[in-house]
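One structure is given here, and the rest of the page talks about it.
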Amino acid sequence: MSTATIENSRPAEDLVLPAATLVAFATRVLHALGVSEPDAEAASELLVEADLTGADAHGIFRLPQYATMIRQGAINPTPSITVHRSAAATAIVDGGDGLGHLVMKKAAETVVELAREAGIGWVGVRNSNHAGSASIWAALPVEHGMIGLYSAVASANHMAIWGGTEPALGTNPLAIGLPAGEGNLLMLDMATTVVSYGTIKKYALHGKPLPEGWMIDRRSGGPLTDPKQSAEGLLLPIGGYKGSGLALMLGFLAGTLNGAAMGLDVIDFNAVSNQPTNTGQFVVALDVNRFRPLAEFESEVRRHADALKAGARLPGVDAIRLPGENRSARRAERIRQGVPMPAPLLQRLNNLARELGAAPLA
């Protein structure tokens with residue numbers, strides 16, 4: 001078991017903690033920062049959902065960064081989140097610079113309402129903030145028998161337009177969720193870069209070198225493997241120019257279309273904590289019943305999934321896995337057994353609690 005030293009020189013150990021413990025801790029911290037208790041709890045539940053599904057770099061890991069942004073004025077702890085329904089199936093949510101999880105919660109609730117009425121809903125978001133794992137928001141329509149899509153303009157630029165050397169695009173994610181029956185879903189959740197920048201930060205936290213092929217030095221074009229030097233590097237897009245193009249188009253849809261920041265206008269929330277980011281997002285919901293009965297669709301999804309998984313495998317492949325299978329399995333496991341908490345993160349969270357006069361995590 002690894003250890004780290006915290007301020008009082010007492011060793012901190014890697015722990016496994018129940019999700020409810022993490023939610024309660026994050027709620028205490030956010031409430032201490034001026035977020036109302038109901039909003040703090042709602043945001044914390046959505047924050048920890050990323051930890052449950054294995055997106056550790058987008059879960060409670062981000063809480064100290066959000067805390068800094070609240071304390072320095074970039075995030076409004078008591079925002080006015082407004083909804084403007086612009087047509088039968090479309091709406092714009094203005095997040096009032098609030099916590100991204102609260103803004104996207106309102107957007108997801110709105111898009112489900114639109115899709116119930118019109119069969120499809122598209123909600124654009126502006127004046128929001130980082131909202132964690134993309135799959136959380138694509139999964140919410142699935143809970144209502146719908147197909148969900150989500151994308152965002154990432155909260156910092158770590159990729160160049162194809163052929164360039166200037167950080168001009170974010171990791172702009174795309175998530176698509178499909179209902180598969182019996183509480184199951186298929187979920188594609190991907191950054192448009194080879195890995196997310198949150199993964200780079202996670203490697204830096206643990207002092208681990210980066211594999212070649214994730215980042216390049218933007219001056220030399222050679223591989224960059226020291227995560228502490230990531231500010232001098234560029235994340236590489238998936239599929240070369242195709243990933244760069246996808247990030248660009250998603251940026252226009254999630255940012256420019258909504259009156260949110262995009263491209264060179266994006267504020268790097270890793271470097272600037274005292275200025276609102278005007279983060280843009282969108283979420284789409286499609287009511288399956290408008291095309292065919294939901295149960296019939298889910299049965300067909302399962303039939304195809306079973307057939308694909310039963311196909312011949314390449315040497316060394318133990319099983320064929322479809323998008324979201326590891327996510328669902330990990331969520332079930334972590335609900336039963338708890339969420340791993342590495343010692344460096346535990347130290348950081350407990351330091352934050354001490355600063356705010358809140359009870360520590362452990």
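Residues in the structure tokens are numbered from 1 in each chain, the chains being A, B, ... in the order shown, and ligands are numbered from 1 in the order shown.
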Tell me, counting only C-alpha atoms, for each residue of range 132-222 of chain A within 12 Å of range 246-249 of chain A, which pair of atoms is nearest and how far apart they are in Å to one decimal, in rows ordered by chain and increasing number, as a Markdown table.
| residue | atom | partner | partner_atom | distance |
| --- | --- | --- | --- | --- |
| A:Ser151 | CA | A:Ala247 | CA | 9.8 |
| A:Ala152 | CA | A:Ala247 | CA | 9.6 |
| A:Val153 | CA | A:Ala247 | CA | 8.5 |
| A:Ala154 | CA | A:Ala247 | CA | 9.5 |
| A:Asn157 | CA | A:Ala247 | CA | 10.8 |
| A:His158 | CA | A:Ala247 | CA | 11.3 |
| A:Met159 | CA | A:Ala247 | CA | 9.2 |
| A:Ala160 | CA | A:Leu248 | CA | 10.1 |
| A:Ile161 | CA | A:Leu248 | CA | 7.9 |
| A:Trp162 | CA | A:Leu248 | CA | 10.0 |
| A:Ala168 | CA | A:Leu248 | CA | 9.3 |
| A:Leu169 | CA | A:Leu248 | CA | 6.8 |
| A:Gly170 | CA | A:Ala247 | CA | 7.0 |
| A:Thr171 | CA | A:Ala247 | CA | 6.8 |
| A:Asn172 | CA | A:Ala247 | CA | 5.4 |
| A:Pro173 | CA | A:Ala247 | CA | 7.7 |
| A:Leu174 | CA | A:Ala247 | CA | 9.0 |
| A:Met190 | CA | A:Ala247 | CA | 11.1 |
| A:Ala191 | CA | A:Ala247 | CA | 8.6 |
| A:Thr192 | CA | A:Ala247 | CA | 5.8 |
| A:Thr193 | CA | A:Ala247 | CA | 8.4 |
| A:Val194 | CA | A:Ala247 | CA | 11.9 |
- Query: Out of range 114-311 of chain A, which residues get alpha helix (DSSP H) from DSSP, as an MDAnalysis selection string?
  - Reply: chainID A and resid 114:118 134:142 197:206 241:254 294:309
Write out, as a Markdown table, each residue of range 168-242 of chain A that has an atom at most 9 Å from range 292-306 of chain A, together with the closest pair of atoms and their distance in Å to one decimal, counting only C-alpha atoms, rows going by chain and rising number.
| residue | atom | partner | partner_atom | distance |
| --- | --- | --- | --- | --- |
| A:Leu178 | CA | A:Val301 | CA | 8.5 |
| A:Pro179 | CA | A:Glu298 | CA | 6.2 |
| A:Ala180 | CA | A:Glu298 | CA | 4.6 |
| A:Gly181 | CA | A:Glu298 | CA | 5.2 |
| A:Glu182 | CA | A:Glu298 | CA | 8.8 |
| A:Leu186 | CA | A:Val301 | CA | 8.8 |
- Query: To one decimal place, how far is CA of Glu45 in chain A from CA of Asp287 in chain A in Å?
  - Reply: 25.7 Å
Taking a cut-off of 10 Å and counting only C-alpha atoms, can you build a table that, for each residue of range 175-289 of chain A near range 123-139 of chain A, reports the nearest atom pair and how far apart they are in Å (one decimal), sorted by chain then residue number, as CSV?
residue,atom,partner,partner_atom,distance
A:Ala175,CA,A:Ser135,CA,5.5
A:Ile176,CA,A:Ala138,CA,5.8
A:Gly177,CA,A:Ala138,CA,5.4
A:Leu178,CA,A:Ala139,CA,8.0
A:Pro179,CA,A:Ala139,CA,8.8
A:Leu185,CA,A:Ala139,CA,8.1
A:Leu186,CA,A:Ala139,CA,9.2
A:Met187,CA,A:Ser135,CA,7.0
A:Leu188,CA,A:Ser135,CA,7.6
A:Asp189,CA,A:Ser135,CA,5.6
A:Met190,CA,A:Ala134,CA,8.0
A:Ala191,CA,A:Ala134,CA,8.9
A:Gly198,CA,A:Gly132,CA,9.8
A:Leu253,CA,A:Gly124,CA,8.4
A:Ala254,CA,A:Gly124,CA,6.8
A:Gly255,CA,A:Arg126,CA,7.5
A:Thr256,CA,A:Arg126,CA,9.5
A:Leu257,CA,A:Gly124,CA,7.8
A:Asn258,CA,A:Gly124,CA,5.7
A:Gly259,CA,A:Arg126,CA,6.3
A:Ala260,CA,A:Arg126,CA,5.0
A:Ala261,CA,A:Arg126,CA,8.2
A:Phe269,CA,A:His130,CA,8.8
A:Pro276,CA,A:Asn127,CA,7.7
A:Thr277,CA,A:Asn129,CA,6.6
A:Asn278,CA,A:Asn127,CA,3.9
A:Thr279,CA,A:Ser128,CA,4.7
A:Gly280,CA,A:Arg126,CA,4.7
A:Gln281,CA,A:Val125,CA,5.0
A:Phe282,CA,A:Gly124,CA,4.4
A:Val283,CA,A:Val123,CA,5.5
A:Val284,CA,A:Val123,CA,6.4
A:Ala285,CA,A:Ala138,CA,8.3
Just-selected residues, C-alpha atoms written as a PDB file, in the first residue's frame:
ATOM      1  CA  ALA A 175     -20.824  10.756 -25.680  1.00  0.00           C
ATOM      2  CA  ILE A 176     -23.682   8.679 -27.143  1.00  0.00           C
ATOM      3  CA  GLY A 177     -25.877   6.456 -24.971  1.00  0.00           C
ATOM      4  CA  LEU A 178     -28.386   3.818 -26.094  1.00  0.00           C
ATOM      5  CA  PRO A 179     -30.887   1.936 -23.903  1.00  0.00           C
ATOM      6  CA  LEU A 185     -27.010   0.724 -21.812  1.00  0.00           C
ATOM      7  CA  LEU A 186     -24.352   1.039 -24.459  1.00  0.00           C
ATOM      8  CA  MET A 187     -22.243   4.145 -23.997  1.00  0.00           C
ATOM      9  CA  LEU A 188     -19.603   5.649 -26.225  1.00  0.00           C
ATOM     10  CA  ASP A 189     -17.693   8.295 -24.258  1.00  0.00           C
ATOM     11  CA  MET A 190     -14.563   9.604 -25.905  1.00  0.00           C
ATOM     12  CA  ALA A 191     -12.347  12.629 -26.085  1.00  0.00           C
ATOM     13  CA  GLY A 198      -7.570  14.933 -16.976  1.00  0.00           C
ATOM     14  CA  LEU A 253     -21.920  23.103 -32.165  1.00  0.00           C
ATOM     15  CA  ALA A 254     -21.282  23.310 -28.417  1.00  0.00           C
ATOM     16  CA  GLY A 255     -19.666  26.741 -28.357  1.00  0.00           C
ATOM     17  CA  THR A 256     -20.306  29.083 -31.278  1.00  0.00           C
ATOM     18  CA  LEU A 257     -23.934  28.013 -31.806  1.00  0.00           C
ATOM     19  CA  ASN A 258     -24.752  28.798 -28.168  1.00  0.00           C
ATOM     20  CA  GLY A 259     -22.843  32.055 -27.820  1.00  0.00           C
ATOM     21  CA  ALA A 260     -20.184  30.306 -25.732  1.00  0.00           C
ATOM     22  CA  ALA A 261     -16.402  30.332 -25.978  1.00  0.00           C
ATOM     23  CA  PHE A 269      -9.296  26.929 -16.358  1.00  0.00           C
ATOM     24  CA  PRO A 276     -15.717  33.131 -15.913  1.00  0.00           C
ATOM     25  CA  THR A 277     -15.062  30.622 -18.683  1.00  0.00           C
ATOM     26  CA  ASN A 278     -18.366  30.796 -20.615  1.00  0.00           C
ATOM     27  CA  THR A 279     -18.139  27.075 -21.243  1.00  0.00           C
ATOM     28  CA  GLY A 280     -20.496  25.741 -23.926  1.00  0.00           C
ATOM     29  CA  GLN A 281     -22.198  22.361 -24.061  1.00  0.00           C
ATOM     30  CA  PHE A 282     -25.131  20.665 -25.758  1.00  0.00           C
ATOM     31  CA  VAL A 283     -27.273  17.660 -24.970  1.00  0.00           C
ATOM     32  CA  VAL A 284     -29.671  15.882 -27.309  1.00  0.00           C
ATOM     33  CA  ALA A 285     -32.461  13.422 -26.483  1.00  0.00           C
TER      34      ALA A 285
END
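In this model, the gap between CA of His31 in chain A and CA of Val48 in chain A comes to 15.9 Å.
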- For each of A:Gly164, A:Gly324, A:Pro340, A:Gly73, take the minimum atom-to-atom distance to Leu17 in chain A, counting only C-alpha atoms, then give the residue where this is smallest.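 For Leu17 in chain A, the nearest of the given residues is A:Pro340.
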- Query: Interatomic distance between CA of Arg290 in chain A and CA of Gly183 in chain A?
  - Reply: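 So the two atoms, CA of Arg290 in chain A and CA of Gly183 in chain A, lie 20.2 Å apart.
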